[in-house]
$ cat query26.txt   # compact mmCIF, C-alpha atoms
# COMPACT_ATOMS: atom_id res chain seq x y z
CA MET A 848 -80.63 -67.19 -149.03
CA ALA A 849 -77.42 -65.66 -150.33
CA VAL A 850 -76.87 -62.13 -149.11
CA PRO A 851 -76.08 -59.84 -152.04
CA THR A 852 -73.05 -57.64 -151.62
CA ALA A 853 -73.32 -53.94 -152.20
CA SER A 854 -71.90 -52.47 -155.33
CA PRO A 855 -68.57 -50.67 -154.90
CA LEU A 856 -70.61 -47.68 -156.07
CA PHE A 857 -72.97 -47.98 -153.08
CA LEU A 858 -73.50 -44.20 -152.82
CA ARG A 859 -75.19 -43.96 -156.22
CA GLU A 860 -78.90 -43.27 -156.44
CA PRO A 861 -79.94 -46.85 -157.40
CA GLU A 862 -78.15 -48.28 -154.35
CA ILE A 863 -79.59 -45.60 -152.04
CA ARG A 864 -83.08 -46.24 -153.42
CA ARG A 865 -82.61 -49.99 -152.87
CA GLY A 866 -81.69 -49.30 -149.24
CA VAL A 867 -84.73 -47.07 -148.73
CA GLU A 868 -86.99 -49.73 -150.24
CA LEU A 869 -85.50 -52.55 -148.16
CA LEU A 870 -85.76 -50.45 -144.99
CA TYR A 871 -89.37 -49.56 -145.74
CA PHE A 872 -90.53 -53.06 -146.67
CA GLY A 873 -88.48 -54.79 -143.98
CA TYR A 874 -89.94 -52.57 -141.25
CA SER A 875 -93.42 -52.93 -142.71
CA HIS A 876 -93.26 -56.73 -142.61
CA LEU A 877 -91.66 -56.74 -139.16
CA THR A 878 -94.45 -54.63 -137.69
CA ARG A 879 -97.15 -56.62 -139.49
CA SER A 880 -96.08 -59.57 -137.35
CA ILE A 881 -97.65 -57.84 -134.33
CA ASP A 882 -100.66 -56.19 -135.95
CA GLU A 883 -103.01 -59.10 -135.24
CA GLY A 884 -102.08 -59.17 -131.55
CA LEU A 885 -102.60 -55.42 -131.33
CA ALA A 886 -105.92 -55.59 -133.19
CA LYS A 887 -107.23 -58.21 -130.73
CA GLN A 888 -106.66 -55.60 -128.01
CA GLY A 889 -108.14 -52.76 -130.05
CA LEU A 890 -104.70 -51.12 -130.14
CA GLY A 891 -102.41 -49.83 -132.85
CA ARG A 892 -98.72 -49.38 -133.48
CA ALA A 893 -98.53 -46.14 -131.50
CA HIS A 894 -99.73 -48.07 -128.46
CA HIS A 895 -97.10 -50.71 -129.10
CA ARG A 896 -94.29 -48.17 -129.32
CA ALA A 897 -95.33 -46.70 -125.97
CA LEU A 898 -95.57 -50.17 -124.36
CA TYR A 899 -92.19 -51.14 -125.79
CA PHE A 900 -90.29 -48.13 -124.45
CA ILE A 901 -92.04 -48.16 -121.09
CA ALA A 902 -91.02 -51.83 -120.79
CA ARG A 903 -87.42 -50.94 -121.65
CA GLN A 904 -87.29 -48.17 -119.03
CA PRO A 905 -89.70 -48.63 -116.12
CA ASP A 906 -90.50 -45.28 -114.47
CA LEU A 907 -89.90 -43.49 -117.76
CA SER A 908 -91.23 -39.95 -117.56
CA VAL A 909 -93.91 -38.78 -119.95
CA GLY A 910 -91.51 -36.07 -121.16
CA ASP A 911 -88.80 -38.64 -121.92
CA LEU A 912 -91.31 -40.82 -123.77
CA ILE A 913 -92.40 -37.83 -125.85
CA ALA A 914 -88.75 -37.22 -126.76
CA LEU A 915 -88.12 -40.89 -127.61
CA LEU A 916 -91.19 -41.17 -129.82
CA ALA A 917 -90.87 -37.65 -131.30
CA ILE A 918 -94.62 -37.08 -131.04
CA THR A 919 -96.75 -34.34 -129.53
CA LYS A 920 -97.94 -34.34 -125.95
CA GLN A 921 -101.51 -34.43 -127.25
CA SER A 922 -100.91 -37.55 -129.37
CA LEU A 923 -99.15 -39.32 -126.53
CA GLY A 924 -101.89 -38.30 -124.11
CA ARG A 925 -104.47 -40.14 -126.19
CA VAL A 926 -102.32 -43.27 -126.38
CA LEU A 927 -101.48 -43.24 -122.67
CA GLY A 928 -105.13 -42.64 -121.79
CA GLU A 929 -106.21 -45.71 -123.74
CA LEU A 930 -103.42 -47.85 -122.29
CA GLY A 931 -104.34 -46.69 -118.79
CA GLU A 932 -108.06 -47.39 -119.32
CA ARG A 933 -107.20 -50.93 -120.39
CA GLY A 934 -105.07 -51.44 -117.29
CA LEU A 935 -101.85 -51.88 -119.27
CA ILE A 936 -99.86 -49.00 -117.77
CA GLU A 937 -99.82 -47.10 -114.53
CA SER A 938 -98.57 -43.65 -113.72
CA ARG A 939 -97.21 -42.18 -110.50
CA GLU A 940 -95.69 -38.92 -109.33
CA GLY A 941 -91.97 -38.32 -109.59
CA LYS A 942 -89.99 -38.44 -106.35
CA GLN A 943 -88.26 -35.06 -106.79
CA ASP A 944 -90.92 -33.36 -108.88
CA ARG A 945 -94.50 -34.26 -108.04
CA ARG A 946 -95.68 -32.78 -111.36
CA GLN A 947 -93.65 -35.39 -113.22
CA ARG A 948 -95.55 -38.52 -114.29
CA LEU A 949 -93.55 -41.75 -114.27
CA LEU A 950 -94.84 -44.66 -116.33
CA ARG A 951 -94.55 -48.39 -115.89
CA LEU A 952 -96.35 -51.44 -117.22
CA THR A 953 -98.88 -53.30 -115.14
CA PRO A 954 -98.54 -57.10 -115.07
CA GLU A 955 -101.14 -57.23 -117.87
CA GLY A 956 -99.20 -54.65 -119.87
CA ALA A 957 -95.95 -56.54 -119.35
CA ALA A 958 -97.59 -59.76 -120.56
CA LEU A 959 -98.93 -58.06 -123.71
CA GLU A 960 -95.62 -56.34 -124.44
CA SER A 961 -93.80 -59.66 -124.00
CA GLU A 962 -96.19 -61.43 -126.37
CA LEU A 963 -95.72 -58.73 -129.00
CA PHE A 964 -91.95 -58.72 -128.53
CA ASP A 965 -91.84 -62.50 -129.01
CA ALA A 966 -93.32 -62.07 -132.50
CA LEU A 967 -90.80 -59.34 -133.34
CA ARG A 968 -87.92 -61.33 -131.88
CA ASP A 969 -88.79 -64.42 -133.91
CA ARG A 970 -88.95 -62.42 -137.13
CA LEU A 971 -85.76 -60.47 -136.49
CA ALA A 972 -83.84 -63.50 -135.20
CA ALA A 973 -84.66 -65.39 -138.39
CA ALA A 974 -83.41 -62.47 -140.49
CA TYR A 975 -80.26 -62.12 -138.36
CA SER A 976 -79.56 -65.83 -138.64
CA SER A 977 -79.98 -65.73 -142.40
CA ALA A 978 -77.71 -62.70 -142.80
CA GLY A 979 -74.94 -63.75 -140.39
CA GLN A 980 -73.09 -62.00 -137.59
CA GLY A 981 -71.07 -59.62 -139.76
CA ALA A 982 -74.16 -58.43 -141.58
CA VAL A 983 -75.95 -57.77 -138.29
CA GLY A 984 -73.14 -55.49 -137.13
CA GLY A 985 -73.20 -53.66 -140.46
CA PHE A 986 -76.99 -53.32 -140.27
CA TRP A 987 -76.74 -51.83 -136.78
CA ALA A 988 -74.03 -49.41 -137.94
CA VAL A 989 -76.18 -48.19 -140.82
CA LEU A 990 -79.22 -47.73 -138.56
CA GLU A 991 -77.13 -45.87 -135.97
CA GLY A 992 -75.86 -43.66 -138.77
CA LEU A 993 -79.44 -42.63 -139.50
CA ILE A 994 -79.89 -41.33 -135.94
CA PRO A 995 -78.69 -37.75 -135.39
CA ALA A 996 -75.54 -37.69 -133.24
CA ASP A 997 -77.22 -35.69 -130.47
CA GLU A 998 -79.91 -38.41 -130.09
CA ARG A 999 -77.65 -41.48 -130.08
CA GLY A 1000 -77.00 -41.28 -126.34
CA ARG A 1001 -80.71 -41.55 -125.61
CA VAL A 1002 -80.96 -44.61 -127.84
CA SER A 1003 -77.88 -46.34 -126.44
CA ALA A 1004 -79.15 -45.73 -122.87
CA LEU A 1005 -82.13 -48.00 -123.60
CA GLY A 1006 -79.92 -51.08 -123.53
CA LYS A 1007 -78.62 -50.38 -120.04

$ encode --input "query26.txt" --output "structure tokens"
Amino acid sequence: MAVPTASPLFLREPEIRRGVELLYFGYSHLTRSIDEGLAKQGLGRAHHRALYFIARQPDLSVGDLIALLAITKQSLGRVLGELGERGLIESREGKQDRRQRLLRLTPEGAALESELFDALRDRLAAAYSSAGQGAVGGFWAVLEGLIPADERGRVSALGK
């Protein structure tokens, strides 16, 4: 598939709307690739987001997960409760602060997260391959530009 180039007038409303639409539909189709696996477990996308970030940072604190997901403590509590009941995550006290709850995946949780990630990886790898290396870098730059500057450090720390 030939990758269309942006108009030199890429800041006009039609080009911005095209970007919003592609972002919306691209993300929608990417996440649909894991919906069946989640449904088999009786879980939803909120559960997946929690599993994903806990997998990326074992011993992630509940407070840090709340900040990453930008959701309320109450919403996260429901999700974590369900994941805990299913034996997919475990929680322990912090070493310095015993009130802190640190999260990590159980072996069952790691297996589920890996299965879900495989579906995402396959979909995204195919799109990357189709677009080419230069387009991938540009895509990352645009997505990073959407993240407020004061939050970029938290996002870049995930890859370490």

$ residues_near_point --input "query26.txt" --point "(-98.2, -53.6, -113.5)" --cutoff "10 Å" --atoms "all atoms listed in the file" --output "MDAnalysis selection string"
chainID A and resid 934:938 950:958

$ closest_atom_pairs --input "query26.txt" --of "range 867-911 of chain A" --to "range 985-990 of chain A" --cutoff "12 Å" --atoms "all atoms listed in the file" --output "JSON lines"
{"residue": "A:Val867", "atom": "CA", "partner": "A:Leu990", "partner_atom": "CA", "distance": 11.6}
{"residue": "A:Leu869", "atom": "CA", "partner": "A:Phe986", "partner_atom": "CA", "distance": 11.6}
{"residue": "A:Leu870", "atom": "CA", "partner": "A:Leu990", "partner_atom": "CA", "distance": 9.6}

$ atom_distance --input "query26.txt" --atom1 "CA of Arg879 in chain A" --atom2 "CA of Gly866 in chain A"
19.7 Å

$ atom_distance --input "query26.txt" --atom1 "CA of Leu877 in chain A" --atom2 "CA of Arg970 in chain A"
6.6 Å

$ atom_distance --input "query26.txt" --atom1 "CA of Pro905 in chain A" --atom2 "CA of Tyr874 in chain A"
25.4 Å

$ residues_around --input "query26.txt" --residues "Leu915 in chain A" --least-positions-apart "4" --cutoff "12 Å" --atoms "only C-alpha atoms" --output "VMD selection string"
chain A and resid 896 to 897 899 to 901 903 to 904 907 to 911 919 to 920 923 994 998 to 1005

$ closest_residue --input "query26.txt" --among "A:Arg948, A:His894, A:Arg864, A:Arg968" --to "Asp906 in chain A" --atoms "only C-alpha atoms"
A:Arg948

$ axis_aligned_box --input "query26.txt" --around "range 854-870 of chain A" --padding-each-side "8 Å" --output "lines of an AutoDock Vina configuration file"
center_x = -77.8
center_y = -47.9
center_z = -151.2
size_x = 34.4
size_y = 25.3
size_z = 28.4

$ closest_residue --input "query26.txt" --among "A:Asp969, A:Glu860, A:Glu868, A:Glu960" --to "His895 in chain A" --atoms "all atoms listed in the file"
A:Glu960

$ closest_residue --input "query26.txt" --among "A:Leu885, A:Ala978, A:Leu949, A:Leu890" --to "Glu962 in chain A" --atoms "all atoms listed in the file"
A:Leu885

$ closest_residue --input "query26.txt" --among "A:Ala974, A:Gly1006, A:Val983, A:Leu963" --to "Lys887 in chain A" --atoms "all atoms listed in the file"
A:Leu963
